[in-house]
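Student: This is the structure I want to talk about, given as structure tokens.
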Protein chains: 2
Amino acid sequence: MTKKFQVVGIGNAMVDVLAHASDAFLAEAGVEKGIMQLIDMDRAVDLYARIGPAKEISGGSAANTIAGIAHLGGRTAYVGKVKDDQLGAIFAHDLRAQGAVYETPMAKRDAAQETGRCIIVVTPDGERSMNTYLGVTEFLQPSDIDEAQIADADWIYLEGYRFDGPESHEAFARAIAACKGAGGRVSLTLSDPFCVGRHRDAFRTLIQDHVDLLFCNRAEMLSMYQTEDFDAALALAAAEVGIVACTDSDNGAYILSGGVCWHAPALPTQIVDATGAGDLFAGAFLWGLTHGHDLETCGRMGCIAASEVISHIGARAEADLKALFTQEGVL
Amino acid sequence: MTKKFQVVGIGNAMVDVLAHASDAFLAEAGVEKGIMQLIDMDRAVDLYARIGPAKEISGGSAANTIAGIAHLGGRTAYVGKVKDDQLGAIFAHDLRAQGAVYETPMAKRDAAQETGRCIIVVTPDGERSMNTYLGVTEFLQPSDIDEAQIADADWIYLEGYRFDGPESHEAFARAIAACKGAGGRVSLTLSDPFCVGRHRDAFRTLIQDHVDLLFCNRAEMLSMYQTEDFDAALALAAAEVGIVACTDSDNGAYILSGGVCWHAPALPTQIVDATGAGDLFAGAFLWGLTHGHDLETCGRMGCIAASEVISHIGARAEADLKALFTQEGVL
């Protein structure tokens, strides 16, 4: 029986606040380059006051992935919490307008926290340094998981970042049970090497017990398996998970499954803003996988989508990805 | 004595909501192409639900002009009303982060209206169709005008759009009196041909009695003087106002003063989003004028700034305008 959704994603619902700044600004403002840092509201207010004019664009790692699948015409839904405020309305609008189902109840207007936002400082090299105020999205609860919706999905996609929250482990457990109980499969993204550092044991258990498809990049892979030997880490992951899809920035991506390793090359691209590269890789990969394409092709689709999203400001696809797939000969 | 501000602008404080759509969408959604339409909150909600994923970027016609002057390093301030909500905070941040002074009291959180926004639908030809929910910005009052601030400005810059509000005529009158009383000069932009249609008599009186520098485009000029003869309209305006700066889209701009007419050519540009072209023309022109450049050069600076802002999404300058002025040989 065909399920209603090909992929349901669960993650941190965020609006990105994108500003350009120099490397000197990062040093002065105490922002670590190229990674995601969690910040509180006071720091968010302080940092926002220091950055230049900004653009507000819907983001959130798994939400970017789901938006990518919807952009490609896949049947997809998203679970993540915003507040009933103006940024929450923007987040919900942009996801639904892209064609994804999004029904997570909003936190009420009197909630103490606001909709999460990520202050992203983009340096001239296109690298992004992310400063995340989680807000209400930290409080995703088991009751926010609609088990019927999850059971009606071929795949669920779990965002590693969402492990940074008190009740979300339980929410993830509930989603995994609903998914597996209905014959669905589980994918996970490790999100960030520091996120791996915070949750290595929980990720390890999850990977060994439940994960069918693991997304990560080189740094996350090395952190996960606590080694400097990339090939060894890939082999360890491949021994635990059915499919491993590991990106390696301008070296493209490695796909491992059933004892085989494929390499998908990156496309030569002028990097304007690296935000969303991994998210769109995962979105295109999952779209390919749920539309009958072989794993190598899924990897190539992922690299093409990643190259599109880093060529402009914002972490969601702007060009027609299917047209790019055709142009590159993978569709 | 050197005044604190070279230019103080007064206008509608808006956040732009930018989305791409086809011409067919405009027809289906009842949006008139290429002009600004005023809409109420219900229509704003309905139209927002219909458009695709969007970007939120600070806008507002005079605010874009003032942001341009600040970007160029001019001493400038802005007067316009937002609410103490998330969009209001975004508007205020972006203007201050650009270097402009912005101190207009925010409407309180319990105000019935929200911060104004402009849903801008950009068609593949780069043309923008604007749908404006004014919100609290309609209620700019005489008490929002800080007479000491206005008196400390070489020029004030009045946005024609702001005539669409019950108490703003009085606010403008107060600003003009404070400006002229302290030896300052008054500039006005006609904003939009339909805006001219709504306020022709009031604009006419203002122009004849107070305006030293008039900004407009061809369509606004023709509407103002109710003729199809562009040269005749230019001559009529030049007879009434010290300096007339009239843009003519890809034909550049005409500057008239003291019986002389200069033509500033437009730069060949790929139009991505026409939003802000006139605003940045005025900003660069006023910066040039207050920094000792001759009128022809001011016109060329205006055309260069306009070409920059239409080459990307959003109505504020992104590239270094001074570097462009140097490159084009006007600085």
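Chain labels follow the order of the structure tokens: the first chain is A, the next B, and so on; residue numbering restarts at 1 in every chain, and ligands are counted from 1 in their shown order.
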Please find the residues of chain B near chain A - the criterion being any atom within 8 Å, counting only C-alpha atoms - and write them as a ChimeraX atom specification.
Tutor: /B:48-58,85-87,93-95,97-98
Student: Going by DSSP on the backbone, which residues of stretch 158-313 of chain A come out as strand (DSSP E)? List them as a PyMOL selection string.
Tutor: chain A and resi 158-159+185-189+213-217+243-247+253-257+260-264
Student: When DSSP works through the backbone of this structure, what residues of stretch 151-194 of chain B end up as alpha helix (DSSP H), shown as a ChimeraX atom specification?
Tutor: /B:151,168-181,193-194
Student: Once you have the residues from the selection above, write them out as a short mmCIF file (atom, residue, chain, number, x, y, z; two decimals), in the first residue's frame, restricted to N, CA and C atoms.
Tutor:
```
data_model
loop_
_atom_site.label_atom_id
_atom_site.label_comp_id
_atom_site.auth_asym_id
_atom_site.auth_seq_id
_atom_site.Cartn_x
_atom_site.Cartn_y
_atom_site.Cartn_z
N ALA B 151 14.94 70.35 12.67
CA ALA B 151 15.61 71.65 12.53
C ALA B 151 17.11 71.46 12.34
N SER B 168 -1.17 62.37 8.99
CA SER B 168 0.19 62.58 8.52
C SER B 168 0.37 63.89 7.77
N HIS B 169 -0.71 64.42 7.18
CA HIS B 169 -0.58 65.73 6.54
C HIS B 169 -0.11 66.74 7.58
N GLU B 170 -0.71 66.64 8.75
CA GLU B 170 -0.34 67.56 9.82
C GLU B 170 1.10 67.31 10.28
N ALA B 171 1.47 66.03 10.33
CA ALA B 171 2.85 65.69 10.71
C ALA B 171 3.83 66.28 9.70
N PHE B 172 3.48 66.16 8.41
CA PHE B 172 4.34 66.73 7.36
C PHE B 172 4.42 68.25 7.50
N ALA B 173 3.28 68.88 7.77
CA ALA B 173 3.26 70.34 7.91
C ALA B 173 4.18 70.76 9.05
N ARG B 174 4.12 70.01 10.13
CA ARG B 174 4.97 70.32 11.28
C ARG B 174 6.45 70.16 10.92
N ALA B 175 6.75 69.09 10.19
CA ALA B 175 8.14 68.85 9.79
C ALA B 175 8.64 69.95 8.86
N ILE B 176 7.80 70.35 7.91
CA ILE B 176 8.19 71.38 6.95
C ILE B 176 8.46 72.71 7.67
N ALA B 177 7.57 73.04 8.60
CA ALA B 177 7.75 74.29 9.35
C ALA B 177 9.05 74.27 10.15
N ALA B 178 9.32 73.15 10.80
CA ALA B 178 10.55 73.05 11.60
C ALA B 178 11.79 73.13 10.71
N CYS B 179 11.69 72.51 9.55
CA CYS B 179 12.82 72.49 8.61
C CYS B 179 13.09 73.88 8.06
N LYS B 180 12.04 74.47 7.48
CA LYS B 180 12.22 75.78 6.83
C LYS B 180 12.58 76.86 7.85
N GLY B 181 11.99 76.72 9.04
CA GLY B 181 12.26 77.71 10.09
C GLY B 181 13.73 77.73 10.49
N PRO B 193 2.29 56.73 -9.43
CA PRO B 193 1.29 57.51 -10.18
C PRO B 193 -0.11 57.47 -9.54
N PHE B 194 -0.45 56.36 -8.91
CA PHE B 194 -1.77 56.27 -8.28
C PHE B 194 -1.81 57.08 -6.99
#
```
Student: Report as a PyMOL selection string all protein, DNA and RNA residues lying within 8 Å of A:Cys246, evaluated on only C-alpha atoms, omitting residues in the same chain fewer than 6 positions from it.
Tutor: chain A and resi 214-218+221+253-255
Student: Would you work out the distance separating atom CA of B:Trp155 from atom CA of B:Ala235, expressed in Å to one decimal?
Tutor: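 Atom-to-atom, atom CA of B:Trp155 and atom CA of B:Ala235 are spaced 23.8 Å apart.
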Student: What does the structure give for the distance between atom CA of B:Asp209 and atom CA of B:Thr76, in Å to one decimal?
Tutor: 24.5 Å
Student: With only C-alpha atoms as the counted atoms, please give the residues lying no more than 7 Å from stretch 116-127 of chain B, apart from itself and same-chain residues fewer than 6 positions off, as an NGL selection string.
Tutor: :B and (13-23 or 34 or 82 or 133-137 or 271-274)
Student: Env of B:Thr290: 9 Å cut, atoms = only C-alpha atoms, seq-sep filter 5 positions within chain, self excluded. Answer as a ChimeraX atom specification.
Tutor: /B:6-7,74,154-155,285
Student: Fewer than 3 positions away in the same chain doesn't count, so skip those; otherwise give me all residues within 12 Å of A:Val211, counting only C-alpha atoms, as a ChimeraX atom specification.
Tutor: /A:155-158,173,176-177,179-180,184-190,203-208,214-215,237-238,240-244
Student: Have a look at B:Ile10, B:Leu256, B:Ala44, B:Leu213 and name the one nearest to B:Phe163; count only C-alpha atoms.
Tutor: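 Closest candidate: B:Ile10.
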Student: Work out how far atom CA of A:Cys298 is from atom CA of A:Val330, in Å to one decimal.
Tutor: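 Spanning atom CA of A:Val330 to atom CA of A:Cys298 is a straight-line distance of 8.7 Å.
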Student: For A:Thr326, please output as a PDB file with C-alpha atoms, in the first residue's frame all residues within 12 Å (counting only C-alpha atoms; exclusion window: fewer than 6 positions along the same chain).
Tutor:
```
ATOM      1  CA  THR A 297      22.516   8.585  -8.447  1.00  0.00           C
ATOM      2  CA  ARG A 300      24.948  12.769  -7.282  1.00  0.00           C
ATOM      3  CA  MET A 301      21.509  14.384  -6.863  1.00  0.00           C
ATOM      4  CA  ILE A 304      23.827  18.928  -7.308  1.00  0.00           C
ATOM      5  CA  ASP A 320      14.517  24.316 -10.280  1.00  0.00           C
TER       6      ASP A 320
END
```
Student: Using only C-alpha atoms, pick whichever of B:Gly329, B:Ile150, B:Glu167, B:Gly160 has the shortest atom-to-atom distance to B:Gly183.
Tutor: B:Ile150
